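Dropping input_24.pdb in here (PDB, C-alpha atoms):
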```pdb
MODEL        1
ATOM      1  CA  MET A   1      81.622  40.174 156.637
ATOM      2  CA  LYS A   2      84.912  38.288 157.083
ATOM      3  CA  ILE A   3      87.747  40.535 158.249
ATOM      4  CA  THR A   4      91.307  39.625 159.149
ATOM      5  CA  ILE A   5      93.691  42.094 160.720
ATOM      6  CA  PHE A   6      97.256  41.229 159.817
ATOM      7  CA  GLY A   7      99.593  42.761 162.370
ATOM      8  CA  ALA A   8      97.678  42.950 165.638
ATOM      9  CA  GLY A   9      99.978  45.354 167.458
ATOM     10  CA  ALA A  10      98.744  48.651 168.881
ATOM     11  CA  ILE A  11      96.536  49.941 166.049
ATOM     12  CA  GLY A  12      95.596  46.523 164.690
ATOM     13  CA  GLY A  13      94.738  45.257 168.148
ATOM     14  CA  TYR A  14      92.646  48.308 168.953
ATOM     15  CA  LEU A  15      90.668  48.014 165.729
ATOM     16  CA  ALA A  16      90.212  44.263 166.219
ATOM     17  CA  ALA A  17      88.888  44.735 169.745
ATOM     18  CA  LYS A  18      86.447  47.486 168.738
ATOM     19  CA  LEU A  19      85.035  45.531 165.776
ATOM     20  CA  THR A  20      84.755  42.301 167.758
ATOM     21  CA  MET A  21      82.882  43.978 170.600
ATOM     22  CA  THR A  22      79.980  44.769 168.277
ATOM     23  CA  GLY A  23      79.505  41.079 167.439
ATOM     24  CA  ARG A  24      78.661  42.017 163.860
ATOM     25  CA  THR A  25      81.706  40.739 161.979
ATOM     26  CA  ASP A  26      83.547  37.443 161.544
ATOM     27  CA  LEU A  27      86.865  38.839 162.697
ATOM     28  CA  SER A  28      90.274  37.202 163.006
ATOM     29  CA  ILE A  29      93.791  38.410 163.672
ATOM     30  CA  VAL A  30      97.213  37.164 162.666
ATOM     31  CA  ALA A  31      99.726  37.668 165.455
ATOM     32  CA  ARG A  32     102.858  36.009 166.792
ATOM     33  CA  GLY A  33     104.952  35.240 169.834
ATOM     34  CA  ALA A  34     103.979  36.186 173.368
ATOM     35  CA  HIS A  35     101.283  38.520 172.063
ATOM     36  CA  LEU A  36      99.538  35.644 170.265
ATOM     37  CA  GLU A  37      99.812  33.323 173.256
ATOM     38  CA  ALA A  38      98.382  35.933 175.615
ATOM     39  CA  ILE A  39      95.429  36.588 173.300
ATOM     40  CA  LYS A  40      94.704  32.873 172.988
ATOM     41  CA  ALA A  41      94.853  32.418 176.753
ATOM     42  CA  ASN A  42      93.039  35.533 177.994
ATOM     43  CA  GLY A  43      91.488  37.238 174.988
ATOM     44  CA  LEU A  44      92.635  40.608 173.688
ATOM     45  CA  ARG A  45      92.551  43.023 176.625
ATOM     46  CA  LEU A  46      91.706  46.654 175.868
ATOM     47  CA  ILE A  47      92.023  49.571 178.271
ATOM     48  CA  GLU A  48      89.835  52.438 177.095
ATOM     49  CA  ASP A  49      88.393  55.350 179.076
ATOM     50  CA  GLY A  50      89.918  53.880 182.209
ATOM     51  CA  GLN A  51      88.157  50.525 181.893
ATOM     52  CA  GLU A  52      89.661  47.189 180.916
ATOM     53  CA  THR A  53      87.726  44.742 178.751
ATOM     54  CA  SER A  54      88.773  41.258 177.661
ATOM     55  CA  VAL A  55      87.624  40.500 174.131
ATOM     56  CA  PRO A  56      87.664  36.897 172.838
ATOM     57  CA  ILE A  57      89.154  36.968 169.342
ATOM     58  CA  ARG A  58      90.099  34.240 166.877
ATOM     59  CA  ALA A  59      93.884  34.500 166.669
ATOM     60  CA  ALA A  60      96.214  32.554 164.407
ATOM     61  CA  ALA A  61      99.940  32.406 163.804
ATOM     62  CA  LYS A  62      99.446  31.488 160.142
ATOM     63  CA  ALA A  63      97.020  33.074 157.714
ATOM     64  CA  GLU A  64      96.254  29.769 155.966
ATOM     65  CA  GLU A  65      94.298  28.781 159.090
ATOM     66  CA  LEU A  66      91.783  31.543 158.291
ATOM     67  CA  GLY A  67      91.171  31.314 154.540
ATOM     68  CA  VAL A  68      90.042  33.936 152.035
ATOM     69  CA  GLN A  69      88.591  37.123 153.529
ATOM     70  CA  ASP A  70      86.278  39.921 152.432
ATOM     71  CA  TYR A  71      88.631  42.502 153.971
ATOM     72  CA  VAL A  72      92.261  42.261 155.034
ATOM     73  CA  VAL A  73      93.560  45.117 157.164
ATOM     74  CA  LEU A  74      97.338  45.497 156.943
ATOM     75  CA  ALA A  75      98.315  47.061 160.273
ATOM     76  CA  LEU A  76     102.005  46.183 160.230
ATOM     77  CA  LYS A  77     104.622  48.829 159.505
ATOM     78  CA  ALA A  78     105.534  49.612 155.912
ATOM     79  CA  HIS A  79     109.049  48.169 156.097
ATOM     80  CA  SER A  80     107.635  44.806 157.230
ATOM     81  CA  LEU A  81     105.209  44.393 154.348
ATOM     82  CA  THR A  82     107.450  42.908 151.654
ATOM     83  CA  SER A  83     108.717  40.117 153.899
ATOM     84  CA  ALA A  84     105.126  39.287 154.934
ATOM     85  CA  LEU A  85     103.721  38.830 151.406
ATOM     86  CA  ASP A  86     103.860  35.032 151.478
ATOM     87  CA  GLN A  87     102.050  35.003 154.815
ATOM     88  CA  ILE A  88      99.353  37.411 153.590
ATOM     89  CA  ALA A  89      98.658  35.557 150.324
ATOM     90  CA  PRO A  90      96.257  32.875 151.711
ATOM     91  CA  LEU A  91      93.884  35.622 152.883
ATOM     92  CA  LEU A  92      93.443  37.131 149.431
ATOM     93  CA  GLY A  93      90.773  36.209 146.930
ATOM     94  CA  GLN A  94      89.607  37.804 143.706
ATOM     95  CA  ASP A  95      87.296  40.235 145.528
ATOM     96  CA  THR A  96      89.210  40.777 148.767
ATOM     97  CA  ALA A  97      89.639  44.431 149.742
ATOM     98  CA  VAL A  98      92.996  45.252 151.327
ATOM     99  CA  VAL A  99      93.034  48.206 153.727
ATOM    100  CA  THR A 100      96.515  49.703 154.059
ATOM    101  CA  MET A 101      97.123  51.310 157.465
ATOM    102  CA  GLN A 102     100.806  52.154 157.119
ATOM    103  CA  ASN A 103     102.249  55.603 157.778
ATOM    104  CA  GLY A 104     103.996  57.498 155.010
ATOM    105  CA  VAL A 105     103.799  57.340 151.232
ATOM    106  CA  PRO A 106     101.856  54.191 150.241
ATOM    107  CA  TRP A 107     103.208  51.723 147.687
ATOM    108  CA  TRP A 108     100.042  52.153 145.588
ATOM    109  CA  TYR A 109     100.325  55.965 145.408
ATOM    110  CA  PHE A 110     100.349  56.179 141.603
ATOM    111  CA  HIS A 111      97.488  53.744 141.041
ATOM    112  CA  GLY A 112      94.413  55.425 139.613
ATOM    113  CA  VAL A 113      95.966  58.880 139.189
ATOM    114  CA  GLY A 114      95.896  58.834 135.387
ATOM    115  CA  GLY A 115      98.374  60.667 133.192
ATOM    116  CA  PRO A 116     102.027  59.840 132.533
ATOM    117  CA  ARG A 117     102.779  58.771 136.117
ATOM    118  CA  GLU A 118      99.997  56.168 136.279
ATOM    119  CA  GLY A 119     101.387  52.900 137.587
ATOM    120  CA  THR A 120     104.727  54.312 138.738
ATOM    121  CA  ARG A 121     106.317  52.094 141.406
ATOM    122  CA  LEU A 122     108.153  53.667 144.334
ATOM    123  CA  ASN A 123     111.326  51.795 145.132
ATOM    124  CA  ALA A 124     111.635  53.329 148.606
ATOM    125  CA  VAL A 125     108.467  51.579 149.807
ATOM    126  CA  ASP A 126     108.124  48.756 147.280
ATOM    127  CA  PRO A 127     111.572  47.565 146.140
ATOM    128  CA  GLY A 128     111.260  45.823 142.804
ATOM    129  CA  GLY A 129     107.483  46.328 142.754
ATOM    130  CA  LYS A 130     106.899  43.099 144.705
ATOM    131  CA  ILE A 131     103.959  44.403 146.760
ATOM    132  CA  TRP A 132     102.306  45.854 143.652
ATOM    133  CA  GLN A 133     102.600  42.496 141.888
ATOM    134  CA  ARG A 134     101.571  40.264 144.788
ATOM    135  CA  ILE A 135      98.715  42.236 146.344
ATOM    136  CA  GLY A 136      97.637  44.308 143.362
ATOM    137  CA  PRO A 137      96.555  47.953 143.684
ATOM    138  CA  ASP A 138      92.998  47.188 142.510
ATOM    139  CA  HIS A 139      92.404  45.530 145.887
ATOM    140  CA  VAL A 140      93.444  48.574 147.906
ATOM    141  CA  ILE A 141      91.428  50.859 150.151
ATOM    142  CA  GLY A 142      93.618  53.668 151.490
ATOM    143  CA  SER A 143      93.537  54.770 155.096
ATOM    144  CA  VAL A 144      94.925  57.444 157.407
ATOM    145  CA  VAL A 145      95.145  56.388 161.044
ATOM    146  CA  TYR A 146      94.906  58.887 163.912
ATOM    147  CA  PRO A 147      94.382  57.050 167.244
ATOM    148  CA  ALA A 148      97.247  56.976 169.740
ATOM    149  CA  VAL A 149      97.454  53.434 171.121
ATOM    150  CA  GLU A 150     100.121  51.508 173.042
ATOM    151  CA  VAL A 151     100.848  47.838 173.688
ATOM    152  CA  ASP A 152     101.405  47.796 177.456
ATOM    153  CA  ALA A 153     102.079  44.048 177.669
ATOM    154  CA  PRO A 154     101.469  40.951 175.531
ATOM    155  CA  GLY A 155      97.770  40.843 174.766
ATOM    156  CA  LEU A 156      97.114  44.215 176.473
ATOM    157  CA  ILE A 157      96.241  47.287 174.367
ATOM    158  CA  ARG A 158      95.846  50.747 175.913
ATOM    159  CA  HIS A 159      93.935  53.419 174.007
ATOM    160  CA  VAL A 160      95.334  56.913 174.662
ATOM    161  CA  GLU A 161      93.289  59.191 172.440
ATOM    162  CA  GLY A 162      91.590  59.516 169.068
ATOM    163  CA  ARG A 163      89.109  57.324 167.227
ATOM    164  CA  ARG A 164      89.392  58.520 163.623
ATOM    165  CA  PHE A 165      90.319  56.246 160.729
ATOM    166  CA  SER A 166      89.845  58.003 157.382
ATOM    167  CA  LEU A 167      89.195  55.680 154.430
ATOM    168  CA  GLY A 168      89.274  56.275 150.701
ATOM    169  CA  GLU A 169      89.506  54.518 147.375
ATOM    170  CA  PRO A 170      92.608  55.456 145.351
ATOM    171  CA  SER A 171      90.218  56.416 142.527
ATOM    172  CA  GLY A 172      88.218  58.711 144.811
ATOM    173  CA  GLU A 173      84.954  56.871 144.168
ATOM    174  CA  ARG A 174      82.576  56.051 147.018
ATOM    175  CA  SER A 175      82.460  52.331 146.337
ATOM    176  CA  GLU A 176      80.198  49.811 148.017
ATOM    177  CA  ARG A 177      83.160  48.059 149.657
ATOM    178  CA  VAL A 178      84.528  51.195 151.316
ATOM    179  CA  THR A 179      81.055  52.346 152.363
ATOM    180  CA  LEU A 180      80.195  49.012 153.992
ATOM    181  CA  LEU A 181      83.477  48.875 155.894
ATOM    182  CA  ALA A 182      83.092  52.451 157.112
ATOM    183  CA  GLU A 183      79.573  51.672 158.339
ATOM    184  CA  GLU A 184      80.812  48.694 160.365
ATOM    185  CA  MET A 185      83.618  50.717 161.900
ATOM    186  CA  VAL A 186      81.241  53.538 162.828
ATOM    187  CA  LYS A 187      78.954  51.029 164.547
ATOM    188  CA  ALA A 188      82.011  49.988 166.558
ATOM    189  CA  GLY A 189      82.289  53.519 167.964
ATOM    190  CA  LEU A 190      84.941  54.846 165.588
ATOM    191  CA  GLN A 191      84.962  58.002 163.468
ATOM    192  CA  VAL A 192      85.356  56.906 159.847
ATOM    193  CA  PRO A 193      84.992  59.577 157.166
ATOM    194  CA  VAL A 194      85.193  58.321 153.584
ATOM    195  CA  ARG A 195      87.362  60.705 151.576
ATOM    196  CA  ASP A 196      87.256  61.398 147.863
ATOM    197  CA  ASP A 197      90.918  62.515 148.060
ATOM    198  CA  ILE A 198      92.679  60.158 150.454
ATOM    199  CA  ARG A 199      96.088  61.176 149.085
ATOM    200  CA  GLY A 200      95.589  64.756 150.286
ATOM    201  CA  GLU A 201      94.964  63.536 153.814
ATOM    202  CA  ILE A 202      97.936  61.180 153.596
ATOM    203  CA  TRP A 203     100.113  64.192 152.768
ATOM    204  CA  VAL A 204      98.877  66.295 155.690
ATOM    205  CA  LYS A 205      99.827  63.565 158.152
ATOM    206  CA  LEU A 206     103.041  62.801 156.251
ATOM    207  CA  TRP A 207     103.942  66.505 156.377
ATOM    208  CA  GLY A 208     104.594  66.251 160.098
ATOM    209  CA  ASN A 209     105.931  62.693 160.155
ATOM    210  CA  LEU A 210     108.497  63.486 157.454
ATOM    211  CA  SER A 211     110.054  66.244 159.539
ATOM    212  CA  PHE A 212     109.358  65.732 163.236
ATOM    213  CA  ASN A 213     110.076  61.989 163.274
ATOM    214  CA  PRO A 214     113.697  62.126 162.053
ATOM    215  CA  ILE A 215     114.462  65.332 163.969
ATOM    216  CA  SER A 216     113.100  63.694 167.098
ATOM    217  CA  ALA A 217     115.239  60.597 166.525
ATOM    218  CA  LEU A 218     118.367  62.667 165.886
ATOM    219  CA  THR A 219     117.934  64.901 168.926
ATOM    220  CA  GLY A 220     116.035  62.727 171.404
ATOM    221  CA  SER A 221     113.493  65.551 171.684
ATOM    222  CA  THR A 222     109.731  65.530 172.108
ATOM    223  CA  LEU A 223     107.386  67.338 169.721
ATOM    224  CA  ALA A 224     106.929  70.218 172.135
ATOM    225  CA  ALA A 225     110.691  70.650 172.523
ATOM    226  CA  ILE A 226     111.313  70.612 168.760
ATOM    227  CA  VAL A 227     108.675  73.286 168.148
ATOM    228  CA  ALA A 228     109.831  75.433 171.084
ATOM    229  CA  ASP A 229     113.429  75.547 169.808
ATOM    230  CA  GLU A 230     113.883  78.062 166.987
ATOM    231  CA  GLY A 231     116.557  76.036 165.233
ATOM    232  CA  THR A 232     114.734  72.704 165.087
ATOM    233  CA  ARG A 233     111.401  74.390 164.368
ATOM    234  CA  THR A 234     112.966  76.163 161.378
ATOM    235  CA  LEU A 235     114.554  72.914 160.215
ATOM    236  CA  ALA A 236     111.181  71.132 160.343
ATOM    237  CA  ARG A 237     109.482  74.015 158.539
ATOM    238  CA  THR A 238     112.054  73.965 155.727
ATOM    239  CA  MET A 239     111.582  70.220 155.240
ATOM    240  CA  MET A 240     107.819  70.673 155.191
ATOM    241  CA  LEU A 241     107.997  73.411 152.559
ATOM    242  CA  GLU A 242     110.153  71.195 150.347
ATOM    243  CA  ALA A 243     107.557  68.437 150.726
ATOM    244  CA  GLN A 244     104.689  70.832 150.052
ATOM    245  CA  ALA A 245     106.232  71.826 146.728
ATOM    246  CA  ILE A 246     106.411  68.136 145.766
ATOM    247  CA  GLY A 247     102.833  67.441 146.848
ATOM    248  CA  GLU A 248     101.433  70.453 145.032
ATOM    249  CA  SER A 249     103.266  69.447 141.851
ATOM    250  CA  LEU A 250     101.378  66.134 142.132
ATOM    251  CA  GLY A 251      98.043  67.950 142.435
ATOM    252  CA  VAL A 252      97.705  67.803 146.224
ATOM    253  CA  ARG A 253      95.843  70.637 147.965
ATOM    254  CA  PHE A 254      97.124  71.338 151.475
ATOM    255  CA  PRO A 255      94.112  72.501 153.496
ATOM    256  CA  ILE A 256      96.106  74.189 156.274
ATOM    257  CA  ALA A 257      99.123  76.484 156.388
ATOM    258  CA  VAL A 258     102.506  75.098 157.359
ATOM    259  CA  ASP A 259     102.748  77.168 160.547
ATOM    260  CA  ARG A 260      99.377  75.930 161.739
ATOM    261  CA  ARG A 261     100.522  72.345 161.136
ATOM    262  CA  ILE A 262     103.671  73.010 163.147
ATOM    263  CA  LYS A 263     101.662  74.540 165.996
ATOM    264  CA  GLY A 264      99.430  71.464 166.012
ATOM    265  CA  ALA A 265     102.475  69.245 166.446
ATOM    266  CA  GLY A 266     103.737  71.355 169.327
ATOM    267  CA  ASP A 267     100.338  71.273 170.998
ATOM    268  CA  VAL A 268     100.609  67.486 171.284
ATOM    269  CA  GLY A 269     103.108  68.202 174.050
ATOM    270  CA  GLU A 270     105.926  66.136 175.494
ATOM    271  CA  HIS A 271     105.358  63.238 173.115
ATOM    272  CA  LYS A 272     108.114  61.083 171.639
ATOM    273  CA  THR A 273     107.580  60.307 167.968
ATOM    274  CA  SER A 274     107.251  56.704 166.844
ATOM    275  CA  MET A 275     110.656  56.900 165.167
ATOM    276  CA  LEU A 276     112.334  57.965 168.404
ATOM    277  CA  GLN A 277     110.509  55.237 170.313
ATOM    278  CA  ASP A 278     111.669  52.645 167.781
ATOM    279  CA  LEU A 279     115.260  53.883 168.052
ATOM    280  CA  GLU A 280     115.196  53.688 171.847
ATOM    281  CA  ARG A 281     113.791  50.155 171.722
ATOM    282  CA  GLY A 282     116.158  48.927 169.031
ATOM    283  CA  ARG A 283     113.378  48.317 166.490
ATOM    284  CA  PRO A 284     113.441  49.006 162.725
ATOM    285  CA  MET A 285     112.605  52.648 162.011
ATOM    286  CA  GLU A 286     110.083  53.872 159.403
ATOM    287  CA  ILE A 287     112.664  55.927 157.553
ATOM    288  CA  ASP A 288     111.887  54.847 154.001
ATOM    289  CA  ALA A 289     108.100  55.312 154.061
ATOM    290  CA  LEU A 290     108.317  58.667 155.854
ATOM    291  CA  VAL A 291     111.446  60.269 154.383
ATOM    292  CA  SER A 292     113.131  58.286 151.585
ATOM    293  CA  ALA A 293     109.872  58.061 149.627
ATOM    294  CA  VAL A 294     109.450  61.847 149.729
ATOM    295  CA  GLN A 295     112.999  62.236 148.456
ATOM    296  CA  GLU A 296     112.143  59.822 145.629
ATOM    297  CA  LEU A 297     109.013  61.822 144.790
ATOM    298  CA  GLY A 298     111.183  64.933 144.670
ATOM    299  CA  ARG A 299     113.380  63.283 142.050
ATOM    300  CA  LEU A 300     110.306  62.248 140.040
ATOM    301  CA  THR A 301     108.895  65.780 140.062
ATOM    302  CA  ASP A 302     112.204  67.632 139.652
ATOM    303  CA  LYS A 303     111.717  69.403 142.985
ATOM    304  CA  PRO A 304     114.873  70.042 145.039
ATOM    305  CA  THR A 305     115.030  68.512 148.526
ATOM    306  CA  PRO A 306     118.372  69.667 150.018
ATOM    307  CA  THR A 307     117.176  69.783 153.619
ATOM    308  CA  ILE A 308     115.288  66.501 153.384
ATOM    309  CA  ASP A 309     118.388  64.937 151.814
ATOM    310  CA  ALA A 310     120.640  66.092 154.666
ATOM    311  CA  VAL A 311     118.314  64.980 157.450
ATOM    312  CA  LEU A 312     117.689  61.653 155.700
ATOM    313  CA  ALA A 313     121.424  60.966 155.415
ATOM    314  CA  LEU A 314     121.906  61.653 159.132
ATOM    315  CA  VAL A 315     118.971  59.655 160.448
ATOM    316  CA  ARG A 316     119.695  56.721 158.145
ATOM    317  CA  ARG A 317     123.330  56.657 159.339
ATOM    318  CA  LEU A 318     122.169  56.757 162.955
ATOM    319  CA  ALA A 319     119.714  53.913 162.343
ATOM    320  CA  VAL A 320     122.384  51.773 160.657
ATOM    321  CA  GLU A 321     124.775  52.311 163.573
ATOM    322  CA  ARG A 322     122.074  51.308 166.072
ATOM    323  CA  GLY A 323     120.931  48.273 164.065
ATOM    324  CA  CYS A 324     117.527  49.848 163.370
ATOM    325  CA  TYR A 325     117.651  50.000 159.562
ATOM    326  CA  GLY A 326     118.004  47.590 156.684
TER     327      GLY A 326
ENDMDL
END
```

Could you spell out this file's structure in structure tokens?
Amino acid sequence: MKITIFGAGAIGGYLAAKLTMTGRTDLSIVARGAHLEAIKANGLRLIEDGQETSVPIRAAAKAEELGVQDYVVLALKAHSLTSALDQIAPLLGQDTAVVTMQNGVPWWYFHGVGGPREGTRLNAVDPGGKIWQRIGPDHVIGSVVYPAVEVDAPGLIRHVEGRRFSLGEPSGERSERVTLLAEEMVKAGLQVPVRDDIRGEIWVKLWGNLSFNPISALTGSTLAAIVADEGTRTLARTMMLEAQAIGESLGVRFPIAVDRRIKGAGDVGEHKTSMLQDLERGRPMEIDALVSAVQELGRLTDKPTPTIDAVLALVRRLAVERGCYG
């Protein structure tokens, strides 16, 4: 099984290390800069359960060095995908499965849903439909990623918690390709349920990311602080209810109540969201995949999103001013 992980940052690096340690797959990563040089010199170093392991991994700056793969895992952030299409292309063959590990609404969301919205392209996450055309939704295996992982230094990945990566075909079928990949990941010590409704699970994670991420960026607050404050908790809840109405109009079943989802976010504790971390570090923020795409879905389904609209306008303006958007 030939697997390349494109975007070997925190999540991609963690997955690469775990799969390589089993010795069962022909695994490669595409990385760049100091991270790539450190991996080439010292292997990919993983700190997990208090122990550090150095894992020798084939690492390349250019995908054409690796050739066509059985699986390509896209572990870069959603806003980086369009600009990376030319680099990804050499990895893709007629039967290559592409596992999308981005947060937020995926570009392939309306592939395989049937009905009048089948094939709808979402401009917020796929401007001009370029990703749809170049990768092709038939290649996609959807994923929801749960581990908390950090890059402590070039070539050094630190696992914080969580080992679950949910997988699912957009069609809901339990295909051979998704089953085989899940089996390999389980043998690497990961929890990998195969879902027949991956979109529903995407929405449950998105539910929190849509609201807590921008509120965190706007206020500088942790999850615990947002939930403890009546004003910001109510703001998050209102955004989540607007999103729930959109999801349900698209046939999504939310398995938990909104207040339980909010409590779960607060229980994470004094944690800064990824959007706040990106803002503090001057990096591009995941605004479009997490918020703009939900606004776009609201327009498609004729569901009002006044609170989402207001928060989106504020966080986008903040990101533009800080050079973290566009």

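Across A:Ile157, A:Leu92, A:Gly23, A:Asn103, the tightest approach to Thr53 of chain A is made by A:Ile157 when counting only C-alpha atoms.
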
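Using all atoms listed in the file, the shortest contact distance between Tyr109 of chain A and any of A:Ile135, A:Ile202, A:Ala217, A:Ile11 is found at A:Ile202.
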
(message) Residues proximal to (107.1, 72.9, 171.9) were defined as those with any atom within 9 Å of that point in the file's coordinates, counting only C-alpha atoms. Which are they, as a ChimeraX atom specification?
(response) /A:222-229,233,263,265-270

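Proximity to Thr20 of chain A was assessed for A:His35, A:Lys187, A:Arg174, A:Arg261 counting all atoms listed in the file; the smallest distance is recorded for A:Lys187.
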
(request) Choose the residue, out of A:Ser166, A:Glu118, A:Ser211, A:Gln295, that has the smallest atom-to-atom separation from Met185 of chain A; count all atoms listed in the file. (result) A:Ser166

Residues picked by the PyMOL selection byres ((chain A and resi 28) around 10) here, as a PDB file with C-alpha atoms, in the frame of the given file?
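Saved to result-v1.pdb:
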```pdb
ATOM      1  CA  LYS A   2      84.912  38.288 157.083  1.00  0.00           C
ATOM      2  CA  ILE A   3      87.747  40.535 158.249  1.00  0.00           C
ATOM      3  CA  THR A   4      91.307  39.625 159.149  1.00  0.00           C
ATOM      4  CA  ILE A   5      93.691  42.094 160.720  1.00  0.00           C
ATOM      5  CA  PHE A   6      97.256  41.229 159.817  1.00  0.00           C
ATOM      6  CA  ALA A   8      97.678  42.950 165.638  1.00  0.00           C
ATOM      7  CA  ALA A  16      90.212  44.263 166.219  1.00  0.00           C
ATOM      8  CA  THR A  20      84.755  42.301 167.758  1.00  0.00           C
ATOM      9  CA  THR A  25      81.706  40.739 161.979  1.00  0.00           C
ATOM     10  CA  ASP A  26      83.547  37.443 161.544  1.00  0.00           C
ATOM     11  CA  LEU A  27      86.865  38.839 162.697  1.00  0.00           C
ATOM     12  CA  ILE A  29      93.791  38.410 163.672  1.00  0.00           C
ATOM     13  CA  VAL A  30      97.213  37.164 162.666  1.00  0.00           C
ATOM     14  CA  ALA A  31      99.726  37.668 165.455  1.00  0.00           C
ATOM     15  CA  ILE A  57      89.154  36.968 169.342  1.00  0.00           C
ATOM     16  CA  ARG A  58      90.099  34.240 166.877  1.00  0.00           C
ATOM     17  CA  ALA A  59      93.884  34.500 166.669  1.00  0.00           C
ATOM     18  CA  ALA A  60      96.214  32.554 164.407  1.00  0.00           C
ATOM     19  CA  ALA A  63      97.020  33.074 157.714  1.00  0.00           C
ATOM     20  CA  LEU A  66      91.783  31.543 158.291  1.00  0.00           C
ATOM     21  CA  GLN A  69      88.591  37.123 153.529  1.00  0.00           C
ATOM     22  CA  VAL A  72      92.261  42.261 155.034  1.00  0.00           C
TER      23      VAL A  72
END
```

(request) Extract, using only C-alpha atoms, all DNA, RNA and protein residues at most 10 Å from Glu37 of chain A, discarding same-chain residues fewer than 2 positions from it, and format them as a PyMOL selection string. (result) chain A and resi 31-35+39-43+59-61+154-155

(request) Give as a VMD selection string each residue that has an atom at most 6 Å from (90.6, 35.7, 151.4) in the file, counting all atoms listed in the file. (result) chain A and resid 67 to 69 91 to 93 96

(request) Translate the PyMOL selection byres ((chain A and resi 292) around 9), as applied to the file shown, into an explicit residue set as a list of chain:residue names. (result) A:Ala124, A:Val125, A:Ile287, A:Asp288, A:Ala289, A:Leu290, A:Val291, A:Ala293, A:Val294, A:Gln295, A:Glu296, A:Leu297, A:Ile308, A:Asp309, A:Leu312

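In terms of minimum interatomic distance to Leu250 of chain A, A:Leu300 ranks closest within A:Ala17, A:Ala97, A:Leu300, A:Leu46, counting only C-alpha atoms.
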
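The two atoms in question, atom CA of Ser171 of chain A and atom CA of Pro137 of chain A, are spaced 10.6 Å apart.
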
(message) Translate the PyMOL selection byres ((chain A and resi 276-279) around 8) into a concrete residue list for this structure, as a ChimeraX atom specification.
(response) /A:213-214,216-217,220,272-275,280-285,319,322,324

(request) Might you pull out every residue within 8 Å of Ala182 of chain A, with all atoms listed in the file counted and same-chain residues fewer than 2 positions away left off, and present them as a PyMOL selection string? (result) chain A and resi 167+178-180+184-186+192-194

Mind working out the centre and edge lengths of an axis-aligned box for segment 48-53 of chain A, all listed atoms inside, 5 Å added to each side, rounded to one decimal in Å and written as JSON?
```
{"center_x": 88.8, "center_y": 50.0, "center_z": 179.7, "size_x": 12.2, "size_y": 20.6, "size_z": 15.1}
```

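Between atom CA of Pro116 of chain A and atom CA of Glu176 of chain A the separation is 28.6 Å.
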
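Between Leu74 of chain A and the residues A:Gly208, A:Gly9, A:Pro304, A:Pro127, the shortest atom-to-atom distance, using only C-alpha atoms, involves A:Gly9.
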
Which residues are near Lys77 of chain A? Cut-off 9 Å, all atoms listed in the file, ignore same chain within fewer than 6 positions. Put them as an mmCIF file with C-alpha atoms, keeping the file's coordinate frame.
```cif
data_model
loop_
_atom_site.group_PDB
_atom_site.id
_atom_site.type_symbol
_atom_site.label_atom_id
_atom_site.label_comp_id
_atom_site.auth_asym_id
_atom_site.auth_seq_id
_atom_site.Cartn_x
_atom_site.Cartn_y
_atom_site.Cartn_z
ATOM 1 C CA GLY A 7 99.593 42.761 162.370
ATOM 2 C CA MET A 101 97.123 51.310 157.465
ATOM 3 C CA GLN A 102 100.806 52.154 157.119
ATOM 4 C CA ASN A 103 102.249 55.603 157.778
ATOM 5 C CA GLU A 286 110.083 53.872 159.403
#
```

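Taking atom CA of Arg299 of chain A and atom CA of Leu122 of chain A as endpoints, the distance between them is 11.2 Å.
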
(message) Env of Asp49 of chain A: 10 Å cut, atoms = all atoms listed in the file, seq-sep filter 4 positions within chain, self excluded. Answer as JSON, numbers by chain.
(response) {"A": [158, 159, 160, 161]}

Can you fill out segment 113-118 of chain A with N, CA, C and O atoms and hand it back as a PDB file, keeping the file's coordinate frame?
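Final file, part.pdb:
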```pdb
ATOM      1  N   VAL A 113      95.782  57.428 139.296  1.00  0.00           N
ATOM      2  CA  VAL A 113      95.966  58.880 139.189  1.00  0.00           C
ATOM      3  C   VAL A 113      95.820  59.364 137.749  1.00  0.00           C
ATOM      4  O   VAL A 113      95.601  60.549 137.495  1.00  0.00           O
ATOM      5  N   GLY A 114      95.946  58.444 136.785  1.00  0.00           N
ATOM      6  CA  GLY A 114      95.896  58.834 135.387  1.00  0.00           C
ATOM      7  C   GLY A 114      97.154  59.581 134.966  1.00  0.00           C
ATOM      8  O   GLY A 114      98.035  59.867 135.781  1.00  0.00           O
ATOM      9  N   GLY A 115      97.248  59.897 133.688  1.00  0.00           N
ATOM     10  CA  GLY A 115      98.374  60.667 133.192  1.00  0.00           C
ATOM     11  C   GLY A 115      99.652  59.855 133.082  1.00  0.00           C
ATOM     12  O   GLY A 115      99.670  58.639 133.253  1.00  0.00           O
ATOM     13  N   PRO A 116     100.763  60.537 132.824  1.00  0.00           N
ATOM     14  CA  PRO A 116     102.027  59.840 132.533  1.00  0.00           C
ATOM     15  C   PRO A 116     102.618  59.096 133.727  1.00  0.00           C
ATOM     16  O   PRO A 116     103.441  58.197 133.535  1.00  0.00           O
ATOM     17  N   ARG A 117     102.219  59.447 134.942  1.00  0.00           N
ATOM     18  CA  ARG A 117     102.779  58.771 136.117  1.00  0.00           C
ATOM     19  C   ARG A 117     101.937  57.578 136.566  1.00  0.00           C
ATOM     20  O   ARG A 117     102.279  56.908 137.537  1.00  0.00           O
ATOM     21  N   GLU A 118     100.843  57.305 135.907  1.00  0.00           N
ATOM     22  CA  GLU A 118      99.997  56.168 136.279  1.00  0.00           C
ATOM     23  C   GLU A 118     100.822  54.885 136.322  1.00  0.00           C
ATOM     24  O   GLU A 118     101.545  54.560 135.384  1.00  0.00           O
TER      25      GLU A 118
END
```
